[in-house]
>>> print(open('protein_25.txt').read())   # compact mmCIF, C-alpha atoms
# COMPACT_ATOMS: atom_id res chain seq x y z
CA MET Y 1 17.69 22.04 -17.81
CA ILE Y 2 18.19 21.36 -14.12
CA ARG Y 3 18.89 17.71 -14.69
CA ASP Y 4 21.79 18.47 -17.04
CA LEU Y 5 23.60 20.53 -14.41
CA VAL Y 6 25.18 17.46 -12.82
CA LEU Y 7 26.43 16.16 -16.20
CA ARG Y 8 27.85 19.52 -17.20
CA HIS Y 9 29.48 19.98 -13.79
CA VAL Y 10 31.15 16.55 -13.88
CA GLU Y 11 32.26 17.12 -17.49
CA ASP Y 12 33.89 20.44 -16.50
CA GLU Y 13 35.59 18.85 -13.50
CA LEU Y 14 36.95 16.05 -15.70
CA ALA Y 15 38.08 18.41 -18.47
CA SER Y 16 39.92 20.63 -15.97
CA GLY Y 17 41.63 17.63 -14.35
CA ARG Y 18 40.15 18.43 -10.91
CA LEU Y 19 38.37 15.09 -11.16
CA ARG Y 20 40.12 11.97 -12.50
CA VAL Y 21 39.37 8.31 -13.06
CA GLY Y 22 39.46 6.64 -9.62
CA ASP Y 23 38.35 9.76 -7.73
CA ARG Y 24 35.17 9.90 -5.67
CA LEU Y 25 32.34 12.34 -6.38
CA PRO Y 26 31.15 14.50 -3.48
CA GLY Y 27 28.03 13.14 -1.74
CA GLU Y 28 24.55 13.93 -3.06
CA ARG Y 29 23.91 16.52 -0.36
CA THR Y 30 27.18 18.38 -1.06
CA LEU Y 31 26.70 18.30 -4.83
CA GLY Y 32 23.12 19.48 -4.46
CA SER Y 33 24.10 22.50 -2.40
CA GLN Y 34 27.10 23.29 -4.68
CA LEU Y 35 24.82 23.30 -7.71
CA GLY Y 36 21.74 24.68 -5.96
CA ILE Y 37 19.50 21.73 -6.86
CA SER Y 38 17.60 19.06 -4.91
CA ARG Y 39 19.11 15.74 -3.85
CA ALA Y 40 16.54 14.00 -6.07
CA SER Y 41 17.84 15.95 -9.10
CA VAL Y 42 21.43 15.08 -8.16
CA ARG Y 43 20.46 11.42 -7.94
CA GLU Y 44 18.87 11.51 -11.42
CA GLY Y 45 22.09 13.03 -12.82
CA ILE Y 46 24.17 10.38 -11.06
CA ARG Y 47 22.05 7.61 -12.61
CA VAL Y 48 22.62 9.07 -16.07
CA LEU Y 49 26.38 9.30 -15.47
CA GLU Y 50 26.34 5.71 -14.30
CA ALA Y 51 24.46 4.59 -17.42
CA MET Y 52 27.11 6.40 -19.50
CA GLY Y 53 29.89 4.38 -17.80
CA VAL Y 54 31.42 7.52 -16.25
CA ILE Y 55 30.84 6.64 -12.61
CA ARG Y 56 30.12 3.52 -10.65
CA THR Y 57 28.07 3.65 -7.46
CA ALA Y 58 28.39 1.18 -4.62
CA VAL Y 59 25.65 0.61 -2.06
CA GLY Y 60 26.20 0.82 1.68
CA SER Y 61 27.82 3.47 3.85
CA GLY Y 62 31.38 2.21 4.30
CA PRO Y 63 34.48 3.77 2.75
CA ASP Y 64 33.50 2.24 -0.61
CA ALA Y 65 30.05 3.86 -0.67
CA GLY Y 66 29.33 6.69 -3.08
CA ALA Y 67 30.17 7.34 -6.70
CA VAL Y 68 33.64 6.65 -8.13
CA VAL Y 69 34.80 7.93 -11.54
CA VAL Y 70 35.47 5.03 -13.93
CA ALA Y 71 36.23 4.81 -17.66
CA ASP Y 72 33.79 2.23 -18.96
CA THR Y 73 33.95 3.89 -22.38
CA ALA Y 74 31.62 1.43 -24.08
CA ALA Y 75 28.79 1.28 -21.52
CA GLY Y 76 26.81 4.34 -22.59
CA ILE Y 77 27.21 3.64 -26.28
CA THR Y 78 26.09 0.02 -25.78
CA SER Y 79 22.88 0.93 -23.96
CA ALA Y 80 21.96 3.64 -26.46
CA LEU Y 81 22.62 1.37 -29.45
CA ARG Y 82 20.70 -1.52 -27.92
CA LEU Y 83 17.63 0.61 -27.27
CA HIS Y 84 17.68 2.12 -30.76
CA LEU Y 85 18.09 -1.33 -32.31
CA ALA Y 86 15.06 -2.44 -30.29
CA SER Y 87 13.02 0.48 -31.64
CA SER Y 88 14.23 -0.35 -35.18
CA ALA Y 89 15.59 3.19 -35.54
CA LEU Y 90 18.89 1.45 -36.32
CA PRO Y 91 18.54 -1.54 -38.69
CA VAL Y 92 20.58 -4.70 -38.03
CA ALA Y 93 21.84 -4.58 -41.65
CA ASP Y 94 23.55 -1.26 -40.87
CA VAL Y 95 25.20 -2.79 -37.81
CA VAL Y 96 26.57 -5.52 -40.08
CA GLY Y 97 27.88 -2.89 -42.51
CA THR Y 98 29.52 -1.01 -39.65
CA ARG Y 99 31.13 -4.18 -38.31
CA LEU Y 100 32.52 -4.94 -41.77
CA LEU Y 101 34.08 -1.49 -42.02
CA LEU Y 102 35.51 -1.40 -38.49
CA GLU Y 103 36.72 -4.99 -38.34
CA THR Y 104 38.40 -5.12 -41.74
CA TRP Y 105 40.23 -1.91 -40.76
CA ALA Y 106 41.06 -3.33 -37.31
CA VAL Y 107 42.59 -6.61 -38.49
CA ARG Y 108 44.65 -4.78 -41.12
CA GLU Y 109 45.93 -2.42 -38.45
CA ALA Y 110 46.49 -5.26 -35.96
CA ALA Y 111 48.49 -7.14 -38.62
CA ARG Y 112 50.63 -4.05 -39.18
CA ARG Y 113 51.28 -3.52 -35.45
CA ARG Y 114 51.57 -7.16 -34.35
CA ASP Y 115 51.16 -6.13 -30.73
CA GLU Y 116 51.66 -9.44 -28.91
CA PRO Y 117 49.64 -9.11 -25.63
CA PRO Y 118 46.18 -8.60 -27.24
CA LEU Y 119 46.95 -11.23 -29.89
CA GLU Y 120 47.83 -13.74 -27.17
CA ALA Y 121 44.61 -12.83 -25.36
CA ALA Y 122 42.73 -13.47 -28.64
CA GLN Y 123 44.46 -16.87 -28.94
CA ALA Y 124 43.45 -17.78 -25.38
CA LEU Y 125 39.83 -16.95 -26.21
CA LEU Y 126 39.94 -19.31 -29.21
CA ASP Y 127 41.32 -22.07 -27.00
CA ALA Y 128 38.48 -21.46 -24.52
CA MET Y 129 35.96 -21.66 -27.39
CA ASP Y 130 37.35 -25.08 -28.34
CA GLY Y 131 36.39 -26.23 -24.86
CA THR Y 132 32.71 -25.26 -24.90
CA GLU Y 133 29.62 -26.49 -26.74
CA ALA Y 134 27.21 -24.18 -24.86
CA VAL Y 135 25.87 -21.64 -27.36
CA GLU Y 136 25.61 -18.67 -25.04
CA GLU Y 137 29.11 -19.19 -23.58
CA PHE Y 138 30.52 -19.68 -27.08
CA LEU Y 139 28.94 -16.46 -28.35
CA ARG Y 140 30.18 -14.50 -25.33
CA LEU Y 141 33.75 -15.67 -26.03
CA ASP Y 142 33.20 -15.03 -29.75
CA ALA Y 143 32.20 -11.39 -29.09
CA GLU Y 144 35.18 -11.02 -26.75
CA PHE Y 145 37.50 -12.38 -29.47
CA HIS Y 146 36.33 -9.79 -32.00
CA VAL Y 147 36.60 -6.98 -29.44
CA THR Y 148 40.11 -8.12 -28.48
CA LEU Y 149 41.20 -8.08 -32.14
CA SER Y 150 39.83 -4.55 -32.48
CA ARG Y 151 41.82 -3.57 -29.37
CA ALA Y 152 44.96 -4.91 -31.04
CA ALA Y 153 44.46 -2.13 -33.62
CA GLY Y 154 45.25 0.46 -30.94
CA ASN Y 155 42.38 2.94 -31.38
CA ALA Y 156 40.37 3.34 -28.13
CA VAL Y 157 37.39 5.01 -29.85
CA ILE Y 158 37.01 2.22 -32.41
CA ALA Y 159 37.50 -0.41 -29.69
CA ALA Y 160 34.73 1.26 -27.62
CA ILE Y 161 32.39 1.36 -30.63
CA MET Y 162 33.12 -2.30 -31.44
CA THR Y 163 32.55 -3.34 -27.81
CA SER Y 164 29.25 -1.46 -27.89
CA LEU Y 165 28.11 -2.92 -31.18
CA ARG Y 166 28.81 -6.44 -29.97
CA GLY Y 167 27.08 -5.78 -26.66
CA ALA Y 168 24.09 -4.26 -28.42
CA ILE Y 169 23.56 -7.18 -30.82
CA HIS Y 170 24.25 -9.99 -28.33
CA GLY Y 171 20.53 -10.76 -27.89
CA TYR Y 172 19.96 -10.74 -31.64
CA VAL Y 173 22.89 -13.06 -32.32
CA LEU Y 174 21.83 -15.47 -29.56
CA ALA Y 175 18.24 -15.60 -30.86
CA ALA Y 176 19.52 -16.21 -34.41
CA ALA Y 177 21.85 -19.10 -33.51
CA PRO Y 178 20.71 -22.26 -35.31
CA GLY Y 179 19.26 -25.17 -33.31
CA ASP Y 180 21.85 -27.55 -34.77
CA TRP Y 181 24.76 -25.63 -33.34
CA ALA Y 182 27.71 -28.04 -33.77
CA PRO Y 183 28.38 -27.52 -37.52
CA MET Y 184 28.13 -23.73 -37.16
CA ALA Y 185 30.50 -23.82 -34.14
CA ARG Y 186 33.03 -25.86 -36.13
CA ARG Y 187 32.93 -23.40 -39.02
CA LEU Y 188 33.27 -20.35 -36.74
CA ARG Y 189 36.23 -21.92 -34.89
CA ARG Y 190 38.05 -22.59 -38.15
CA GLN Y 191 37.36 -19.07 -39.49
CA HIS Y 192 38.54 -17.42 -36.25
CA ARG Y 193 41.82 -19.38 -36.30
CA ASN Y 194 42.46 -18.39 -39.90
CA VAL Y 195 41.80 -14.69 -39.22
CA LEU Y 196 44.11 -14.66 -36.21
CA ALA Y 197 46.84 -16.60 -38.04
CA ALA Y 198 46.80 -14.04 -40.88
CA VAL Y 199 47.07 -11.18 -38.36
CA ARG Y 200 49.96 -12.85 -36.55
CA VAL Y 201 52.02 -13.31 -39.72
CA GLY Y 202 51.28 -9.70 -40.64
CA ASP Y 203 49.12 -10.41 -43.70
CA GLY Y 204 46.54 -7.62 -43.29
CA ASP Y 205 44.90 -8.06 -46.71
CA ARG Y 206 44.23 -11.73 -46.09
CA ALA Y 207 43.00 -11.06 -42.53
CA ALA Y 208 40.60 -8.38 -43.84
CA ARG Y 209 39.25 -10.69 -46.56
CA LEU Y 210 38.76 -13.55 -44.09
CA VAL Y 211 37.08 -11.46 -41.41
CA ALA Y 212 34.68 -9.94 -43.98
CA ARG Y 213 33.72 -13.40 -45.24
CA HIS Y 214 33.30 -14.57 -41.63
CA ILE Y 215 30.95 -11.69 -40.67
CA GLU Y 216 28.92 -11.84 -43.90
CA GLY Y 217 28.66 -15.63 -43.68
CA PHE Y 218 27.29 -15.56 -40.14
CA TYR Y 219 24.59 -13.00 -40.95
CA ARG Y 220 23.66 -14.82 -44.16
CA ALA Y 221 23.37 -18.11 -42.30
CA THR Y 222 21.30 -16.65 -39.46
CA SER Y 223 18.94 -14.40 -41.43
CA ALA Y 224 17.73 -17.12 -43.82
CA MET V 225 19.33 -3.71 -10.25
CA ILE V 226 16.06 -1.91 -9.59
CA ARG V 227 17.06 1.08 -11.67
CA ASP V 228 17.63 -1.07 -14.76
CA LEU V 229 14.06 -2.44 -14.66
CA VAL V 230 12.65 0.58 -16.51
CA LEU V 231 15.28 0.33 -19.27
CA ARG V 232 14.77 -3.40 -19.68
CA HIS V 233 10.99 -3.01 -19.70
CA VAL V 234 11.07 -0.28 -22.37
CA GLU V 235 13.56 -2.27 -24.45
CA ASP V 236 11.26 -5.32 -24.34
CA GLU V 237 8.23 -3.23 -25.29
CA LEU V 238 10.15 -1.71 -28.23
CA ALA V 239 11.53 -5.05 -29.38
CA SER V 240 8.06 -6.64 -29.33
CA GLY V 241 6.55 -3.72 -31.24
CA ARG V 242 4.07 -2.95 -28.45
CA LEU V 243 5.81 0.41 -28.14
CA ARG V 244 6.87 2.41 -31.23
CA VAL V 245 8.49 5.72 -32.04
CA GLY V 246 5.86 8.42 -31.46
CA ASP V 247 4.02 6.47 -28.74
CA ARG V 248 3.64 7.77 -25.21
CA LEU V 249 4.98 5.90 -22.16
CA PRO V 250 2.52 5.17 -19.33
CA GLY V 251 2.72 7.67 -16.46
CA GLU V 252 5.25 7.28 -13.66
CA ARG V 253 2.63 5.98 -11.23
CA THR V 254 1.36 3.34 -13.67
CA LEU V 255 4.86 2.21 -14.66
CA GLY V 256 5.88 2.06 -11.02
CA SER V 257 3.01 -0.21 -10.08
CA GLN V 258 3.46 -2.37 -13.21
CA LEU V 259 7.11 -2.93 -12.32
CA GLY V 260 6.67 -2.90 -8.55
CA ILE V 261 9.09 -0.04 -7.96
CA SER V 262 8.84 3.48 -6.54
CA ARG V 263 7.98 6.56 -8.61
CA ALA V 264 11.43 7.95 -7.80
CA SER V 265 13.05 4.85 -9.34
CA VAL V 266 10.81 5.17 -12.41
CA ARG V 267 11.86 8.79 -12.77
CA GLU V 268 15.56 7.86 -12.61
CA GLY V 269 15.00 5.29 -15.37
CA ILE V 270 13.11 7.87 -17.45
CA ARG V 271 16.01 10.31 -17.13
CA VAL V 272 18.45 7.67 -18.37
CA LEU V 273 16.19 6.85 -21.34
CA GLU V 274 15.97 10.54 -22.12
CA ALA V 275 19.77 10.90 -22.00
CA MET V 276 19.97 7.94 -24.42
CA GLY V 277 17.72 9.77 -26.92
CA VAL V 278 15.00 7.10 -26.61
CA ILE V 279 12.30 9.28 -25.08
CA ARG V 280 11.62 12.97 -24.82
CA THR V 281 9.75 14.38 -21.84
CA ALA V 282 7.70 17.55 -21.91
CA VAL V 283 6.86 19.53 -18.79
CA GLY V 284 3.33 20.46 -17.80
CA SER V 285 0.15 18.46 -17.53
CA GLY V 286 -1.58 19.00 -20.88
CA PRO V 287 -2.02 16.35 -23.58
CA ASP V 288 1.66 16.80 -24.51
CA ALA V 289 2.94 16.10 -21.00
CA GLY V 290 4.74 12.84 -20.28
CA ALA V 291 7.35 10.83 -22.10
CA VAL V 292 7.16 10.19 -25.86
CA VAL V 293 9.31 7.61 -27.67
CA VAL V 294 11.71 9.28 -30.13
CA ALA V 295 14.66 8.04 -32.22
CA ASP V 296 17.45 10.47 -31.47
CA THR V 297 19.97 7.75 -32.26
CA ALA V 298 23.04 9.92 -31.71
CA ALA V 299 22.12 11.57 -28.40
CA GLY V 300 23.25 8.85 -26.01
CA ILE V 301 26.43 8.12 -27.93
CA THR V 302 27.32 11.83 -28.05
CA SER V 303 26.97 12.34 -24.29
CA ALA V 304 28.93 9.21 -23.46
CA LEU V 305 31.74 10.08 -25.90
CA ARG V 306 31.92 13.68 -24.68
CA LEU V 307 32.26 12.64 -21.06
CA HIS V 308 34.92 10.03 -21.83
CA LEU V 309 36.85 12.55 -23.94
CA ALA V 310 36.71 14.93 -20.98
CA SER V 311 38.14 12.25 -18.68
CA SER V 312 40.85 11.51 -21.28
CA ALA V 313 39.76 7.87 -21.36
CA LEU V 314 39.35 8.44 -25.10
CA PRO V 315 42.22 10.41 -26.72
CA VAL V 316 41.43 13.06 -29.36
CA ALA V 317 43.97 11.40 -31.70
CA ASP V 318 41.79 8.27 -31.74
CA VAL V 319 38.74 10.39 -32.61
CA VAL V 320 40.70 11.75 -35.57
CA GLY V 321 41.63 8.20 -36.64
CA THR V 322 37.99 7.15 -36.37
CA ARG V 323 36.81 10.14 -38.40
CA LEU V 324 39.35 9.30 -41.11
CA LEU V 325 38.09 5.73 -41.34
CA LEU V 326 34.37 6.56 -41.28
CA GLU V 327 34.50 9.61 -43.53
CA THR V 328 36.71 8.16 -46.26
CA TRP V 329 34.34 5.19 -46.35
CA ALA V 330 31.29 7.49 -46.33
CA VAL V 331 32.36 9.72 -49.24
CA ARG V 332 33.30 6.66 -51.31
CA GLU V 333 29.89 5.17 -50.63
CA ALA V 334 28.12 8.51 -51.22
CA ALA V 335 29.94 8.82 -54.56
CA ARG V 336 28.76 5.35 -55.52
CA ARG V 337 25.12 6.02 -54.55
CA ARG V 338 24.86 9.65 -55.71
CA ASP V 339 21.68 10.07 -53.68
CA GLU V 340 20.61 13.61 -54.63
CA PRO V 341 18.63 14.91 -51.59
CA PRO V 342 21.46 14.67 -49.01
CA LEU V 343 23.99 15.95 -51.55
CA GLU V 344 21.79 18.99 -52.22
CA ALA V 345 21.49 19.54 -48.47
CA ALA V 346 25.31 19.39 -48.25
CA GLN V 347 25.54 21.96 -51.06
CA ALA V 348 23.14 24.29 -49.23
CA LEU V 349 25.30 24.05 -46.09
CA LEU V 350 28.38 25.11 -48.09
CA ASP V 351 26.45 28.08 -49.47
CA ALA V 352 25.44 29.05 -45.92
CA MET V 353 29.11 28.79 -44.84
CA ASP V 354 30.08 31.23 -47.58
CA GLY V 355 27.77 33.72 -45.92
CA THR V 356 29.23 33.65 -42.40
CA GLU V 357 32.48 34.82 -40.84
CA ALA V 358 31.43 33.93 -37.27
CA VAL V 359 33.64 31.05 -36.09
CA GLU V 360 31.07 29.21 -33.99
CA GLU V 361 28.35 29.40 -36.67
CA PHE V 362 30.85 28.31 -39.33
CA LEU V 363 31.94 25.28 -37.27
CA ARG V 364 28.34 24.30 -36.56
CA LEU V 365 27.60 24.30 -40.31
CA ASP V 366 30.92 22.54 -40.95
CA ALA V 367 29.99 19.70 -38.57
CA GLU V 368 26.54 19.51 -40.16
CA PHE V 369 28.15 19.27 -43.63
CA HIS V 370 30.27 16.28 -42.60
CA VAL V 371 27.31 14.58 -40.94
CA THR V 372 25.15 15.17 -44.03
CA LEU V 373 27.82 13.59 -46.27
CA SER V 374 27.94 10.58 -43.95
CA ARG V 375 24.13 10.33 -44.22
CA ALA V 376 24.48 10.26 -48.00
CA ALA V 377 26.30 6.95 -47.52
CA GLY V 378 23.06 5.35 -46.34
CA ASN V 379 24.16 3.57 -43.13
CA ALA V 380 22.17 4.80 -40.09
CA VAL V 381 24.62 3.36 -37.54
CA ILE V 382 27.63 5.07 -39.11
CA ALA V 383 25.66 8.32 -39.48
CA ALA V 384 24.74 8.15 -35.77
CA ILE V 385 28.37 7.52 -34.79
CA MET V 386 29.56 10.40 -36.99
CA THR V 387 26.92 12.74 -35.56
CA SER V 388 28.04 11.75 -32.07
CA LEU V 389 31.74 12.18 -32.78
CA ARG V 390 31.17 15.65 -34.21
CA GLY V 391 28.93 16.62 -31.28
CA ALA V 392 31.45 15.26 -28.78
CA ILE V 393 34.41 17.18 -30.20
CA HIS V 394 32.58 20.47 -30.90
CA GLY V 395 34.05 22.18 -27.82
CA TYR V 396 37.55 20.96 -28.65
CA VAL V 397 37.35 22.16 -32.26
CA LEU V 398 35.97 25.55 -31.21
CA ALA V 399 38.72 26.05 -28.62
CA ALA V 400 41.36 25.06 -31.20
CA ALA V 401 40.18 27.47 -33.93
CA PRO V 402 42.97 29.96 -34.72
CA GLY V 403 42.55 33.64 -33.77
CA ASP V 404 43.17 34.69 -37.37
CA TRP V 405 40.18 32.81 -38.71
CA ALA V 406 39.78 34.18 -42.25
CA PRO V 407 42.61 32.23 -44.00
CA MET V 408 41.53 28.98 -42.31
CA ALA V 409 37.89 29.60 -43.30
CA ARG V 410 38.94 30.17 -46.93
CA ARG V 411 40.92 26.96 -46.99
CA LEU V 412 38.11 24.91 -45.41
CA ARG V 413 35.53 26.32 -47.86
CA ARG V 414 37.69 25.37 -50.83
CA GLN V 415 38.35 21.86 -49.47
CA HIS V 416 34.66 21.24 -48.74
CA ARG V 417 33.66 22.27 -52.29
CA ASN V 418 36.28 19.94 -53.78
CA VAL V 419 35.14 16.98 -51.66
CA LEU V 420 31.50 17.50 -52.58
CA ALA V 421 32.31 17.99 -56.27
CA ALA V 422 34.20 14.68 -56.33
CA VAL V 423 31.26 12.90 -54.67
CA ARG V 424 28.76 14.42 -57.13
CA VAL V 425 30.69 13.25 -60.18
CA GLY V 426 31.00 9.80 -58.61
CA ASP V 427 34.79 9.86 -58.09
CA GLY V 428 34.97 8.06 -54.73
CA ASP V 429 38.75 7.62 -54.69
CA ARG V 430 39.34 11.32 -55.18
CA ALA V 431 36.66 12.24 -52.61
CA ALA V 432 38.27 9.89 -50.06
CA ARG V 433 41.75 11.33 -50.68
CA LEU V 434 40.47 14.90 -50.37
CA VAL V 435 38.45 14.32 -47.22
CA ALA V 436 41.41 12.58 -45.54
CA ARG V 437 43.70 15.49 -46.38
CA HIS V 438 41.03 17.92 -45.13
CA ILE V 439 40.61 16.17 -41.75
CA GLU V 440 44.35 15.63 -41.22
CA GLY V 441 45.13 19.22 -42.23
CA PHE V 442 42.67 20.69 -39.78
CA TYR V 443 44.01 18.70 -36.83
CA ARG V 444 47.61 19.42 -37.79
CA ALA V 445 46.86 23.14 -38.06
CA THR V 446 45.03 23.28 -34.72
CA SER V 447 47.33 21.09 -32.60
CA ALA V 448 50.53 23.00 -33.40
>>> encode(input="protein_25.txt", output="structure tokens")
Amino acid sequence: MIRDLVLRHVEDELASGRLRVGDRLPGERTLGSQLGISRASVREGIRVLEAMGVIRTAVGSGPDAGAVVVADTAAGITSALRLHLASSALPVADVVGTRLLLETWAVREAARRRDEPPLEAAQALLDAMDGTEAVEEFLRLDAEFHVTLSRAAGNAVIAAIMTSLRGAIHGYVLAAAPGDWAPMARRLRRQHRNVLAAVRVGDGDRAARLVARHIEGFYRATSA
Amino acid sequence: MIRDLVLRHVEDELASGRLRVGDRLPGERTLGSQLGISRASVREGIRVLEAMGVIRTAVGSGPDAGAVVVADTAAGITSALRLHLASSALPVADVVGTRLLLETWAVREAARRRDEPPLEAAQALLDAMDGTEAVEEFLRLDAEFHVTLSRAAGNAVIAAIMTSLRGAIHGYVLAAAPGDWAPMARRLRRQHRNVLAAVRVGDGDRAARLVARHIEGFYRATSA
């Protein structure tokens, strides 16, 4: 279909290396005449690419205007997952099962690698969580902590899926947070510290067991 | 941003249950005036929703014209993954690692459940593969076989991710297929039958070991 021409063109340019992350796409008029389609069709294609996290567009007409290739690998997956969760085509229970699989693998792998920079970033997030009682801020840092741990496992595809899953369920998690937040926050803080400590000493089995209990416990507590 | 209004609106309608799979979206003009944005902006939002697999649009002006809510849960993830693979933001090696994790889990789980309908569908795909020597047709059935096994594990999120991964790497796999296809086809047929047999007798450990060897072997053979 006409509207897929822009996607296919950009994919070919990326695959051939003629277009790289950081490069600028040609303007709408140029692209339209290259592909033989209207500017409106080009713009629709650009919007889709933007929603997929492949380009970012800036407004205005200065040197920063136009569409730049980026690598926001999780953006498209997040939006698609969130919409399908909303339509109930994907049940929350299956998201929990997926998190269990990916995160137990990730902490095992992170414990094996013991790659210091992401583990220090994870530690800093826990310290920041000690300093906040605001539920939404806490849950944002919490999601970031889990994503950072999955990055410490060194697989970009799994990290992108984890980032997307967390992004997609953020609204659900926030809505499910109990009114009396302080006891839950205390428990989550303790569990996070124990998971990270097990990863840092290289005990992958223990880290996997703790992170599974942590994920299952949260969903049990919030779906009662 | 203006262009996100359509996505957010549709997500809210889905989450509230006012809009369900199979329902029709209001027309562009109606949506535009509801949201206070132009028809062109509505159309851009519709294109993004379509790329995410949330709606399907039909051309024409009959009773089937317009946008219908669907649940193509893998569509958006596939496109996003394919584009990020093309830009090398996601390395193929990490796709292989992700397949290993998801598929060893899936065959274990499928062996535990022994849910007959998907396993019979998987068997039928193997029979169809016996009847073709055409590489592209074989690989299409091959991908479908792996996706069907992952469906037999009963987690819709993991099945959607697997479907997306296979869709995203189809071009890569096809390009990597050896010129002398017959010996490779024989080996893949034998491996598939062994994996499925292990699942059907409920031997999850054996199925996991075989599927891992199968995936690793294919990538080793094609990346030489």
>>> closest_residue(input="protein_25.txt", among="Y:Ala15, Y:Val70, Y:Ala124, Y:Ala168", to="Y:Val96", atoms="all atoms listed in the file")
Y:Ala168
>>> atom_distance(input="protein_25.txt", atom1="atom CA of V:Ile385", atom2="atom CA of V:Leu229")
26.6 Å
>>> closest_atom_pairs(input="protein_25.txt", of="chain Y", to="chain V", cutoff="8 Å", atoms="only C-alpha atoms", output="JSON lines")
{"residue": "Y:Glu11", "atom": "CA", "partner": "V:Leu307", "partner_atom": "CA", "distance": 5.7}
{"residue": "Y:Asp12", "atom": "CA", "partner": "V:Ala310", "partner_atom": "CA", "distance": 7.6}
{"residue": "Y:Leu14", "atom": "CA", "partner": "V:Ser311", "partner_atom": "CA", "distance": 5.0}
{"residue": "Y:Ala15", "atom": "CA", "partner": "V:Ala310", "partner_atom": "CA", "distance": 4.5}
{"residue": "Y:Gly17", "atom": "CA", "partner": "V:Ser311", "partner_atom": "CA", "distance": 7.7}
{"residue": "Y:Arg20", "atom": "CA", "partner": "V:Ser311", "partner_atom": "CA", "distance": 6.5}
{"residue": "Y:Val21", "atom": "CA", "partner": "V:Ser311", "partner_atom": "CA", "distance": 7.0}
{"residue": "Y:Arg43", "atom": "CA", "partner": "V:Glu268", "partner_atom": "CA", "distance": 7.6}
{"residue": "Y:Glu44", "atom": "CA", "partner": "V:Glu268", "partner_atom": "CA", "distance": 5.1}
{"residue": "Y:Gly45", "atom": "CA", "partner": "V:Arg271", "partner_atom": "CA", "distance": 7.9}
{"residue": "Y:Arg47", "atom": "CA", "partner": "V:Glu268", "partner_atom": "CA", "distance": 6.5}
{"residue": "Y:Val48", "atom": "CA", "partner": "V:Val272", "partner_atom": "CA", "distance": 5.0}
{"residue": "Y:Ala51", "atom": "CA", "partner": "V:Val272", "partner_atom": "CA", "distance": 6.8}
{"residue": "Y:Met52", "atom": "CA", "partner": "V:Ala304", "partner_atom": "CA", "distance": 5.2}
{"residue": "Y:Gly53", "atom": "CA", "partner": "V:Ala304", "partner_atom": "CA", "distance": 7.5}
{"residue": "Y:Val54", "atom": "CA", "partner": "V:His308", "partner_atom": "CA", "distance": 7.0}
{"residue": "Y:Ala71", "atom": "CA", "partner": "V:Ala313", "partner_atom": "CA", "distance": 6.0}
{"residue": "Y:Thr73", "atom": "CA", "partner": "V:His308", "partner_atom": "CA", "distance": 6.2}
{"residue": "Y:Gly76", "atom": "CA", "partner": "V:Ala304", "partner_atom": "CA", "distance": 5.4}
{"residue": "Y:Ile77", "atom": "CA", "partner": "V:Ile301", "partner_atom": "CA", "distance": 4.8}
{"residue": "Y:Ser79", "atom": "CA", "partner": "V:Met276", "partner_atom": "CA", "distance": 7.6}
{"residue": "Y:Ala80", "atom": "CA", "partner": "V:Met276", "partner_atom": "CA", "distance": 5.2}
{"residue": "Y:Leu81", "atom": "CA", "partner": "V:Thr297", "partner_atom": "CA", "distance": 7.5}
{"residue": "Y:Arg82", "atom": "CA", "partner": "V:Glu235", "partner_atom": "CA", "distance": 8.0}
{"residue": "Y:Leu83", "atom": "CA", "partner": "V:Glu235", "partner_atom": "CA", "distance": 5.7}
{"residue": "Y:His84", "atom": "CA", "partner": "V:Thr297", "partner_atom": "CA", "distance": 6.3}
{"residue": "Y:Ala86", "atom": "CA", "partner": "V:Ala239", "partner_atom": "CA", "distance": 4.5}
{"residue": "Y:Ser87", "atom": "CA", "partner": "V:Leu238", "partner_atom": "CA", "distance": 5.0}
{"residue": "Y:Ser88", "atom": "CA", "partner": "V:Ala239", "partner_atom": "CA", "distance": 7.9}
{"residue": "Y:Ala89", "atom": "CA", "partner": "V:Ala295", "partner_atom": "CA", "distance": 6.0}
{"residue": "Y:Leu90", "atom": "CA", "partner": "V:Ala380", "partner_atom": "CA", "distance": 6.0}
{"residue": "Y:Pro91", "atom": "CA", "partner": "V:Ala380", "partner_atom": "CA", "distance": 7.4}
{"residue": "Y:Asp94", "atom": "CA", "partner": "V:Asn379", "partner_atom": "CA", "distance": 5.4}
{"residue": "Y:Val95", "atom": "CA", "partner": "V:Val381", "partner_atom": "CA", "distance": 6.2}
{"residue": "Y:Gly97", "atom": "CA", "partner": "V:Asn379", "partner_atom": "CA", "distance": 7.5}
{"residue": "Y:Thr98", "atom": "CA", "partner": "V:Ile382", "partner_atom": "CA", "distance": 6.4}
{"residue": "Y:Leu101", "atom": "CA", "partner": "V:Trp329", "partner_atom": "CA", "distance": 8.0}
{"residue": "Y:Trp105", "atom": "CA", "partner": "V:Leu325", "partner_atom": "CA", "distance": 8.0}
{"residue": "Y:Asn155", "atom": "CA", "partner": "V:Asp318", "partner_atom": "CA", "distance": 5.4}
{"residue": "Y:Ala156", "atom": "CA", "partner": "V:Leu314", "partner_atom": "CA", "distance": 6.0}
{"residue": "Y:Val157", "atom": "CA", "partner": "V:Asp318", "partner_atom": "CA", "distance": 5.8}
{"residue": "Y:Ile158", "atom": "CA", "partner": "V:Thr322", "partner_atom": "CA", "distance": 6.4}
>>> axis_aligned_box(input="protein_25.txt", around="stretch 408-422 of chain V", padding_each_side="3 Å", output="AutoDock Vina command-line options")
--center_x 36.5 --center_y 22.4 --center_z -49.3 --size_x 16.0 --size_y 21.5 --size_z 20.0
